[in-house]
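For reference, protein-v4.txt is printed below; it contains compact mmCIF, C-alpha atoms.
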# COMPACT_ATOMS: atom_id res chain seq x y z
CA MET U 1341 116.34 69.52 93.39
CA ILE U 1342 112.91 68.92 94.95
CA LYS U 1343 113.04 72.41 96.44
CA LYS U 1344 113.64 73.88 92.97
CA TRP U 1345 110.69 72.01 91.51
CA LEU U 1346 108.46 73.15 94.36
CA LEU U 1347 109.52 76.73 93.73
CA VAL U 1348 108.74 76.47 89.99
CA LEU U 1349 105.37 74.87 90.82
CA SER U 1350 104.50 77.65 93.30
CA VAL U 1351 105.38 80.39 90.81
CA THR U 1352 103.32 78.65 88.09
CA LEU U 1353 100.32 78.37 90.39
CA LEU U 1354 100.69 82.00 91.37
CA PHE U 1355 100.58 83.10 87.71
CA THR U 1356 97.64 80.78 86.97
CA GLY U 1357 95.81 82.39 89.87
CA CYS U 1358 96.43 85.88 88.46
CA ALA U 1359 95.22 84.85 84.99
CA THR U 1360 91.92 83.62 86.40
CA HIS U 1361 91.35 86.86 88.29
CA ASN U 1362 91.79 89.08 85.22
CA SER U 1363 90.69 87.25 82.10
CA SER U 1364 91.35 90.16 79.73
CA TYR U 1365 93.43 89.61 76.63
CA ALA U 1366 94.03 90.80 73.08
CA LYS U 1367 95.16 88.40 70.39
CA VAL U 1368 95.56 87.90 66.66
CA VAL U 1369 93.25 85.05 65.71
CA ASP U 1370 94.09 84.65 62.01
CA ASN U 1371 97.08 82.35 61.58
CA THR U 1372 97.94 83.94 58.23
CA LEU U 1373 98.60 87.19 60.11
CA SER U 1374 100.94 85.66 62.69
CA GLY U 1375 104.40 87.07 62.24
CA ASP U 1376 103.04 89.96 60.18
CA ILE U 1377 100.98 91.63 62.87
CA THR U 1378 102.07 91.65 66.48
CA ILE U 1379 100.54 93.24 69.55
CA THR U 1380 103.25 95.13 71.37
CA ASP U 1381 101.44 96.96 74.16
CA ILE U 1382 98.11 97.10 75.98
CA LYS U 1383 97.27 100.12 78.12
CA GLU U 1384 94.23 100.32 80.38
CA ARG U 1385 92.80 103.07 82.53
CA VAL U 1386 89.50 104.01 84.07
CA ASN U 1387 88.40 107.51 83.14
CA SER U 1388 87.88 109.39 86.40
CA ASP U 1389 84.96 111.45 85.05
CA SER U 1390 83.00 108.79 83.22
CA GLY U 1391 84.06 105.74 85.22
CA LEU U 1392 84.47 103.86 81.93
CA LYS U 1393 87.47 101.68 81.19
CA GLN U 1394 89.60 102.79 78.25
CA LEU U 1395 91.89 100.54 76.25
CA GLN U 1396 94.72 101.32 73.93
CA ILE U 1397 96.17 98.38 72.03
CA THR U 1398 99.32 99.06 70.07
CA GLY U 1399 100.79 96.76 67.47
CA ASP U 1400 103.21 96.56 64.58
CA ASN U 1401 102.77 95.69 60.94
CA GLU U 1402 106.11 94.12 60.19
CA THR U 1403 105.50 93.68 56.47
CA ASP U 1404 105.95 95.86 53.40
CA LYS U 1405 102.24 95.70 52.70
CA TYR U 1406 99.35 97.93 53.65
CA MET U 1407 96.64 95.77 55.18
CA LYS U 1408 93.07 96.24 56.17
CA VAL U 1409 92.42 94.04 59.16
CA ARG U 1410 89.43 93.96 61.46
CA TYR U 1411 88.91 93.70 65.19
CA ARG U 1412 86.16 93.15 67.67
CA VAL U 1413 85.93 93.25 71.42
CA GLU U 1414 83.77 91.35 73.88
CA TRP U 1415 83.22 92.90 77.29
CA TYR U 1416 82.61 91.07 80.56
CA ASP U 1417 81.48 92.24 83.98
CA LYS U 1418 83.41 91.58 87.21
CA ASP U 1419 81.66 88.23 87.62
CA GLY U 1420 82.65 87.09 84.14
CA PHE U 1421 79.25 87.58 82.52
CA LYS U 1422 79.34 88.79 78.94
CA LEU U 1423 77.79 92.17 78.15
CA ASP U 1424 76.02 92.89 74.88
CA ALA U 1425 77.54 95.79 72.97
CA ILE U 1426 77.80 96.98 69.39
CA GLY U 1427 81.61 96.68 69.62
CA GLU U 1428 81.19 92.91 69.39
CA LYS U 1429 80.77 93.31 65.67
CA TRP U 1430 83.85 93.53 63.48
CA SER U 1431 85.32 96.97 62.83
CA GLU U 1432 87.80 97.68 60.10
CA LEU U 1433 91.30 98.90 60.89
CA PRO U 1434 93.85 100.24 58.42
CA VAL U 1435 97.36 98.96 59.11
CA TYR U 1436 100.08 100.76 57.19
CA LYS U 1437 103.24 99.01 56.04
CA ASN U 1438 106.14 98.87 58.48
CA ALA U 1439 104.26 101.03 60.93
CA THR U 1440 102.63 100.83 64.31
CA PHE U 1441 98.86 100.84 64.67
CA THR U 1442 96.62 101.71 67.58
CA ILE U 1443 93.17 100.54 68.57
CA SER U 1444 91.48 102.84 71.03
CA ILE U 1445 88.28 101.61 72.68
CA ILE U 1446 86.06 102.73 75.52
CA ALA U 1447 83.96 100.29 77.54
CA PRO U 1448 80.21 100.31 76.86
CA SER U 1449 79.36 100.83 80.55
CA LYS U 1450 80.87 100.99 84.03
CA ALA U 1451 80.00 97.33 84.51
CA ALA U 1452 82.48 96.33 81.78
CA THR U 1453 85.73 95.41 83.51
CA ASP U 1454 87.30 92.64 81.42
CA TYR U 1455 87.65 92.28 77.67
CA HIS U 1456 88.61 89.87 74.93
CA LEU U 1457 89.91 91.62 71.84
CA TYR U 1458 90.37 89.73 68.60
CA ILE U 1459 92.22 90.83 65.47
CA ASP U 1460 91.39 89.04 62.22
CA ARG U 1461 91.99 89.49 58.53
CA MET I 897 55.48 49.55 31.85
CA LYS I 898 58.55 50.78 29.99
CA ASN I 899 56.74 54.00 29.10
CA MET I 900 55.75 54.51 32.72
CA THR I 901 59.36 54.19 33.85
CA LYS I 902 60.47 56.65 31.16
CA ILE I 903 57.83 59.19 32.25
CA THR I 904 58.84 58.85 35.90
CA LEU I 905 62.52 59.25 35.07
CA SER I 906 61.79 62.32 32.92
CA ALA I 907 59.72 63.87 35.69
CA LEU I 908 62.49 63.22 38.22
CA LEU I 909 65.10 64.71 35.87
CA ALA I 910 62.98 67.81 35.26
CA ALA I 911 62.39 68.25 39.00
CA GLY I 912 66.09 67.86 39.65
CA LEU I 913 66.96 70.41 36.99
CA MET I 914 64.48 72.95 38.34
CA THR I 915 65.80 72.55 41.87
CA GLY I 916 69.28 73.14 40.49
CA CYS I 917 68.19 76.31 38.75
CA ALA I 918 66.34 77.81 41.70
CA ASP I 919 68.36 80.45 43.62
CA LYS I 920 69.06 79.26 47.08
CA THR I 921 68.08 81.69 49.80
CA GLU I 922 70.60 81.98 52.57
CA ARG I 923 70.31 83.65 55.92
CA ILE I 924 73.03 86.25 56.46
CA ASP I 925 75.42 85.62 59.31
CA MET I 926 75.18 89.10 60.78
CA HIS I 927 78.21 88.52 63.03
CA ASN I 928 80.66 87.57 60.31
CA ASP I 929 79.23 88.75 57.01
CA LYS I 930 81.87 88.70 54.30
CA GLY I 931 79.29 89.19 51.56
CA ASP I 932 80.00 91.56 48.69
CA GLN I 933 79.53 95.25 49.27
CA VAL I 934 76.64 97.06 47.63
CA MET I 935 76.66 100.64 46.32
CA GLY I 936 73.72 101.55 48.54
CA LEU I 937 73.75 101.55 52.33
CA ASP I 938 73.32 98.25 54.11
CA TYR I 939 73.21 97.23 57.77
CA ARG I 940 77.01 96.98 57.96
CA ASP I 941 77.33 100.67 57.12
CA PHE I 942 74.80 101.64 59.76
CA ASP I 943 76.60 99.44 62.31
CA GLN I 944 79.90 101.13 61.53
CA ALA I 945 78.49 104.65 61.67
CA ALA I 946 76.64 103.96 64.93
CA SER I 947 79.63 102.26 66.53
CA GLU I 948 81.97 105.14 65.67
CA ALA I 949 79.46 107.72 66.92
CA ILE I 950 78.96 105.94 70.25
CA GLN I 951 82.69 105.48 70.87
CA SER I 952 83.32 109.11 70.02
CA MET I 953 80.48 110.35 72.24
CA LEU I 954 81.56 108.27 75.25
CA LYS I 955 85.23 109.24 74.84
CA SER I 956 84.39 112.94 74.55
CA GLY I 957 83.00 113.17 78.08
CA ALA I 958 80.00 115.14 76.82
CA LEU I 959 77.68 112.64 78.51
CA ASP I 960 79.44 112.65 81.89
CA LYS I 961 77.15 114.44 84.32
CA LYS I 962 79.02 115.86 87.31
CA ASP I 963 76.71 114.29 89.91
CA GLY I 964 76.92 110.90 88.18
CA SER I 965 73.24 110.87 87.20
CA ARG I 966 71.94 110.47 83.65
CA TYR I 967 71.11 113.09 81.06
CA VAL I 968 67.67 113.05 79.47
CA LEU I 969 68.08 112.93 75.71
CA ALA I 970 65.48 113.92 73.12
CA ILE I 971 65.76 112.83 69.51
CA SER I 972 65.55 115.80 67.22
CA ARG I 973 65.37 115.83 63.45
CA VAL I 974 67.68 113.45 61.60
CA THR I 975 67.40 114.16 57.90
CA ASN I 976 67.82 111.59 55.15
CA ASP I 977 69.47 113.62 52.41
CA THR I 978 70.40 110.60 50.32
CA MET I 979 68.77 109.22 47.20
CA GLN I 980 67.74 106.11 49.09
CA HIS I 981 64.55 105.37 50.92
CA ILE I 982 66.02 104.79 54.34
CA ASP I 983 64.55 105.25 57.77
CA THR I 984 67.00 107.26 59.85
CA ASP I 985 65.98 105.13 62.83
CA GLN I 986 68.25 102.46 61.34
CA LEU I 987 71.09 104.61 62.63
CA ILE I 988 69.53 106.42 65.57
CA LYS I 989 68.00 103.37 67.24
CA LYS I 990 71.39 101.66 67.46
CA ILE I 991 72.87 104.77 69.06
CA ARG I 992 69.97 105.07 71.50
CA VAL I 993 70.25 101.44 72.58
CA GLU I 994 73.99 101.70 73.25
CA LEU I 995 73.71 105.03 75.06
CA LEU I 996 70.99 103.61 77.29
CA LYS I 997 73.19 100.61 78.07
CA SER I 998 76.07 102.94 78.93
CA GLY I 999 74.10 104.29 81.88
CA LYS I 1000 74.92 107.85 80.82
CA VAL I 1001 71.67 108.72 79.13
CA VAL I 1002 67.97 108.03 79.23
CA VAL I 1003 65.93 108.87 76.16
CA THR I 1004 62.55 110.57 76.38
CA THR I 1005 59.83 109.29 74.07
CA ALA I 1006 57.45 112.04 75.19
CA VAL I 1007 59.18 114.79 73.19
CA SER I 1008 60.84 114.74 69.80
CA ALA I 1009 61.15 116.95 66.74
CA ASN I 1010 58.29 115.08 65.09
CA GLY I 1011 56.02 115.13 68.13
CA ALA I 1012 55.92 112.52 70.85
CA GLU I 1013 57.35 109.19 69.76
CA ASP I 1014 55.05 107.48 72.23
CA LYS I 1015 51.80 109.44 72.43
CA MET I 1016 50.62 107.36 75.38
CA SER I 1017 52.47 109.58 77.86
CA MET I 1018 50.06 112.41 76.97
CA ASP I 1019 47.02 110.26 76.16
CA ALA I 1020 47.14 108.61 79.58
CA ARG I 1021 46.93 112.07 81.17
CA LYS I 1022 43.64 112.71 79.44
CA LEU I 1023 42.15 110.25 81.92
CA ARG I 1024 42.15 112.95 84.58
CA GLU I 1025 38.62 113.70 85.78
CA ASN I 1026 37.41 110.50 84.11
CA ASP I 1027 35.30 108.75 86.76
CA GLU I 1028 35.87 105.37 85.15
CA PHE I 1029 39.51 105.44 86.24
CA ASN I 1030 40.89 105.34 89.74
CA GLN I 1031 42.37 108.84 89.90
CA ASN I 1032 45.10 107.68 92.27
CA THR I 1033 46.51 105.65 89.36
CA VAL I 1034 46.40 108.54 86.89
CA GLN I 1035 49.67 110.46 86.53
CA LYS I 1036 49.77 113.78 88.37
CA LYS I 1037 50.63 117.07 86.73
CA GLY I 1038 54.28 118.01 86.45
CA THR I 1039 55.73 114.48 86.40
CA LEU I 1040 57.09 114.35 82.86
CA VAL I 1041 60.82 115.03 82.64
CA ALA I 1042 62.05 117.60 80.12
CA PRO I 1043 65.16 116.78 78.07
CA ASP I 1044 68.63 118.16 78.81
CA MET I 1045 70.16 117.19 75.49
CA SER I 1046 69.09 116.78 71.89
CA LEU I 1047 70.52 114.53 69.19
CA SER I 1048 70.17 115.74 65.63
CA GLY I 1049 71.83 115.00 62.34
CA LYS I 1050 71.87 114.29 58.68
CA ILE I 1051 72.81 111.46 56.33
CA LEU I 1052 74.14 112.89 53.12
CA GLN I 1053 74.99 111.28 49.77
CA ARG I 1054 77.33 112.57 47.10
CA ASN I 1055 77.75 110.79 43.76
CA VAL I 1056 80.92 111.31 41.76
CA ALA I 1057 81.29 110.07 38.16
CA MET I 1058 84.82 108.85 37.51
CA ASP I 1059 86.85 109.08 34.30
CA ASP I 1060 86.89 105.32 33.76
CA GLY I 1061 83.11 105.16 33.79
CA LYS I 1062 82.95 103.97 37.34
CA GLN I 1063 80.92 105.68 40.00
CA GLN I 1064 81.96 106.78 43.47
CA VAL I 1065 79.34 107.23 46.14
CA GLU I 1066 80.17 108.99 49.39
CA TYR I 1067 77.91 108.79 52.40
CA TYR I 1068 78.30 111.24 55.28
CA PHE I 1069 76.75 110.47 58.66
CA MET I 1070 76.72 113.75 60.57
CA LEU I 1071 75.47 113.99 64.15
CA SER I 1072 75.31 116.73 66.79
CA LEU I 1073 74.58 116.55 70.49
CA THR I 1074 73.20 119.87 71.73
CA GLU I 1075 72.71 121.05 75.30
CA ILE I 1076 69.17 122.41 75.23
CA LYS I 1077 69.79 124.92 78.04
CA THR I 1078 72.48 126.80 76.12
CA GLY I 1079 71.94 125.64 72.56
CA LEU I 1080 75.60 124.71 72.36
CA ALA I 1081 76.73 121.55 70.58
CA TRP I 1082 78.75 119.58 73.14
CA TRP I 1083 79.64 116.85 70.73
CA GLU I 1084 79.73 116.51 66.96
CA GLY I 1085 80.71 113.56 64.89
CA GLU I 1086 81.06 112.55 61.28
CA THR I 1087 81.60 109.15 59.68
CA VAL I 1088 82.31 108.94 55.97
CA ILE I 1089 81.72 105.73 54.05
CA GLY I 1090 82.84 105.65 50.44
CA LYS I 1091 81.99 103.07 47.79
CA ARG I 1092 83.28 102.69 44.25
CA GLY I 1093 81.68 100.46 41.66
CA SER I 1094 80.13 100.17 38.26
CA GLY I 1095 78.65 103.33 36.78
CA LYS I 1096 75.61 101.25 35.94
CA SER I 1097 74.93 100.52 39.60
CA VAL I 1098 71.98 102.36 41.01
CA SER I 1099 72.57 103.78 44.43
CA TRP I 1100 69.09 104.69 45.52
Render the structure in this file as structure tokens.
Amino acid sequence: MIKKWLLVLSVTLLFTGCATHNSSYAKVVDNTLSGDITITDIKERVNSDSGLKQLQITGDNETDKYMKVRYRVEWYDKDGFKLDAIGEKWSELPVYKNATFTISIIAPSKAATDYHLYIDR
Amino acid sequence: MKNMTKITLSALLAAGLMTGCADKTERIDMHNDKGDQVMGLDYRDFDQAASEAIQSMLKSGALDKKDGSRYVLAISRVTNDTMQHIDTDQLIKKIRVELLKSGKVVVTTAVSANGAEDKMSMDARKLRENDEFNQNTVQKKGTLVAPDMSLSGKILQRNVAMDDGKQQVEYYFMLSLTEIKTGLAWWEGETVIGKRGSGKSVSW
């Protein structure tokens, strides 16, 4: 029994460690959207020519209503320092009923490695 | 004494009423402004147009120099073809700032379509042969860097009268990035912002 608990504890610590290393995330911050809008996939790559990180966030509108939501992204360097960029301001995003939506973003500079993306109403 | 109290109370009441009537000035929260839209262009429209242009430019790869160094960008003519008195720098400055931050571009202020943006680059060179200045500190000939690219564009407005008496105003932000060596546009972008409101609204 103790062995099992130790194993669970080790796995938890391992995951916590990973989360600290890469602090990037995308989330829906408006509670009234929860259940209606869900993020289903996040793709990342670094463009070999420009050296800039590219993001593609895919989500679903699971309602019968067209919605205009908004999103913004904060970028951080490898040491966790926030970078100023125009993308920090809210941008509008059309989300069609019962359809997937995609947010495609490119990092403001090579220094931008981590991101926090927020979706709001 | 009673009269004095009455006068004081009346004065207080009047002051209170006037304060109530005065429009309260509020500072806009530029990061989360949910204020009503206006038929004209405001800072939110310029932010959107600039943001879309920057994202599009960076994604296109037009600013990726093969050796990893930066392109020198000159600002060409950006025409305001709207009915509003706007300074096109409201758009262009935002783009310049973000492109500079990207590390892909450096903007020259020594050359532009309207002459040098900063005349000091040339004025400081007029100090050559001036004995009052240490000539070792005066810039030598051939040190200014010529631009590789040029950013030009136009902001256009189109008003449409609608059947129900309302008015539709369409704003087009059109930009081109031209390689000066070849004269070819390596990137072009357009953002359209449409507004619909009362026909009585004035959009200039």
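CA of Ser998 (chain I) is positioned 17.6 Å from CA of Pro1043 (chain I).
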Pick from I:Asn1055, I:Thr921, I:Ser906, I:Ser952, whichever lies nearest to chain U using only C-alpha atoms: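 Closest to chain U, using only C-alpha atoms: I:Ser952.
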Proximal residues of chain I relative to chain U (only C-alpha atoms; 9 Å) as a ChimeraX atom specification: /I:926-928,943-944,946-947,950-952,954-955,957,959-962,964,990,994-995,997-1000
Please, could you write that set of residues out with C-alpha atoms as an mmCIF file, in the coordinates of the input?
data_model
loop_
_atom_site.group_PDB
_atom_site.id
_atom_site.type_symbol
_atom_site.label_atom_id
_atom_site.label_comp_id
_atom_site.auth_asym_id
_atom_site.auth_seq_id
_atom_site.Cartn_x
_atom_site.Cartn_y
_atom_site.Cartn_z
ATOM 1 C CA MET I 926 75.180 89.100 60.780
ATOM 2 C CA HIS I 927 78.210 88.520 63.030
ATOM 3 C CA ASN I 928 80.660 87.570 60.310
ATOM 4 C CA ASP I 943 76.600 99.440 62.310
ATOM 5 C CA GLN I 944 79.900 101.130 61.530
ATOM 6 C CA ALA I 946 76.640 103.960 64.930
ATOM 7 C CA SER I 947 79.630 102.260 66.530
ATOM 8 C CA ILE I 950 78.960 105.940 70.250
ATOM 9 C CA GLN I 951 82.690 105.480 70.870
ATOM 10 C CA SER I 952 83.320 109.110 70.020
ATOM 11 C CA LEU I 954 81.560 108.270 75.250
ATOM 12 C CA LYS I 955 85.230 109.240 74.840
ATOM 13 C CA GLY I 957 83.000 113.170 78.080
ATOM 14 C CA LEU I 959 77.680 112.640 78.510
ATOM 15 C CA ASP I 960 79.440 112.650 81.890
ATOM 16 C CA LYS I 961 77.150 114.440 84.320
ATOM 17 C CA LYS I 962 79.020 115.860 87.310
ATOM 18 C CA GLY I 964 76.920 110.900 88.180
ATOM 19 C CA LYS I 990 71.390 101.660 67.460
ATOM 20 C CA GLU I 994 73.990 101.700 73.250
ATOM 21 C CA LEU I 995 73.710 105.030 75.060
ATOM 22 C CA LYS I 997 73.190 100.610 78.070
ATOM 23 C CA SER I 998 76.070 102.940 78.930
ATOM 24 C CA GLY I 999 74.100 104.290 81.880
ATOM 25 C CA LYS I 1000 74.920 107.850 80.820
#
Ser1017 (chain I) surroundings by all atoms listed in the file, 10 Å radius, close-in-sequence under 4 positions cut, as a VMD selection string: chain I and resid 1005 to 1007 1012 to 1013 1021 to 1022 1035 1040
Who sits within 12 Å of region 980-982 of chain I, only C-alpha atoms, same chain under 6 positions skipped, as a ChimeraX atom specification: /I:935-939,942,974,988,1050-1054,1067,1098-1100
Separation of CA of Gly1038 (chain I) from CA of Met1018 (chain I), in Å and rounded to one decimal: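 Calculated distance between CA of Gly1038 (chain I) and CA of Met1018 (chain I) is 11.8 Å.
In this structure, CA of Phe1441 (chain U) sits 12.1 Å away from CA of Arg1410 (chain U).
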Selected residue of minimal separation from Thr1440 (chain U) among U:Asp1460, U:Asp1400, U:Asp1370, U:Asp1454, counting all atoms listed in the file: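 Counting all atoms listed in the file, the residue closest to Thr1440 (chain U) is U:Asp1400.
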Non-local contacts of Ala958 (chain I) (9 Å; all atoms listed in the file; under 6 positions in same chain excluded) as number ranges by chain: I: 1073, 1082-1083
Within 12 Å of file point (97.4, 85.2, 55.4), counting only C-alpha atoms, expressed as a PDB file with C-alpha atoms, in the frame of the given file:
ATOM      1  CA  VAL U1368      95.560  87.900  66.660  1.00  0.00           C
ATOM      2  CA  VAL U1369      93.250  85.050  65.710  1.00  0.00           C
ATOM      3  CA  ASP U1370      94.090  84.650  62.010  1.00  0.00           C
ATOM      4  CA  ASN U1371      97.080  82.350  61.580  1.00  0.00           C
ATOM      5  CA  THR U1372      97.940  83.940  58.230  1.00  0.00           C
ATOM      6  CA  LEU U1373      98.600  87.190  60.110  1.00  0.00           C
ATOM      7  CA  SER U1374     100.940  85.660  62.690  1.00  0.00           C
ATOM      8  CA  GLY U1375     104.400  87.070  62.240  1.00  0.00           C
ATOM      9  CA  ASP U1376     103.040  89.960  60.180  1.00  0.00           C
ATOM     10  CA  ILE U1377     100.980  91.630  62.870  1.00  0.00           C
ATOM     11  CA  THR U1403     105.500  93.680  56.470  1.00  0.00           C
ATOM     12  CA  LYS U1405     102.240  95.700  52.700  1.00  0.00           C
ATOM     13  CA  MET U1407      96.640  95.770  55.180  1.00  0.00           C
ATOM     14  CA  LYS U1408      93.070  96.240  56.170  1.00  0.00           C
ATOM     15  CA  VAL U1409      92.420  94.040  59.160  1.00  0.00           C
ATOM     16  CA  ASP U1460      91.390  89.040  62.220  1.00  0.00           C
ATOM     17  CA  ARG U1461      91.990  89.490  58.530  1.00  0.00           C
TER      18      ARG U1461
END
Specify the axis-aligned box that encloses all atoms of region 1039-1051 of chain I listed in the file after padding of 3 Å on each side, stating its centre and edge lengths in Å to one decimal as AutoDock Vina command-line options.
--center_x 64.3 --center_y 114.8 --center_z 71.4 --size_x 23.1 --size_y 12.7 --size_z 36.1
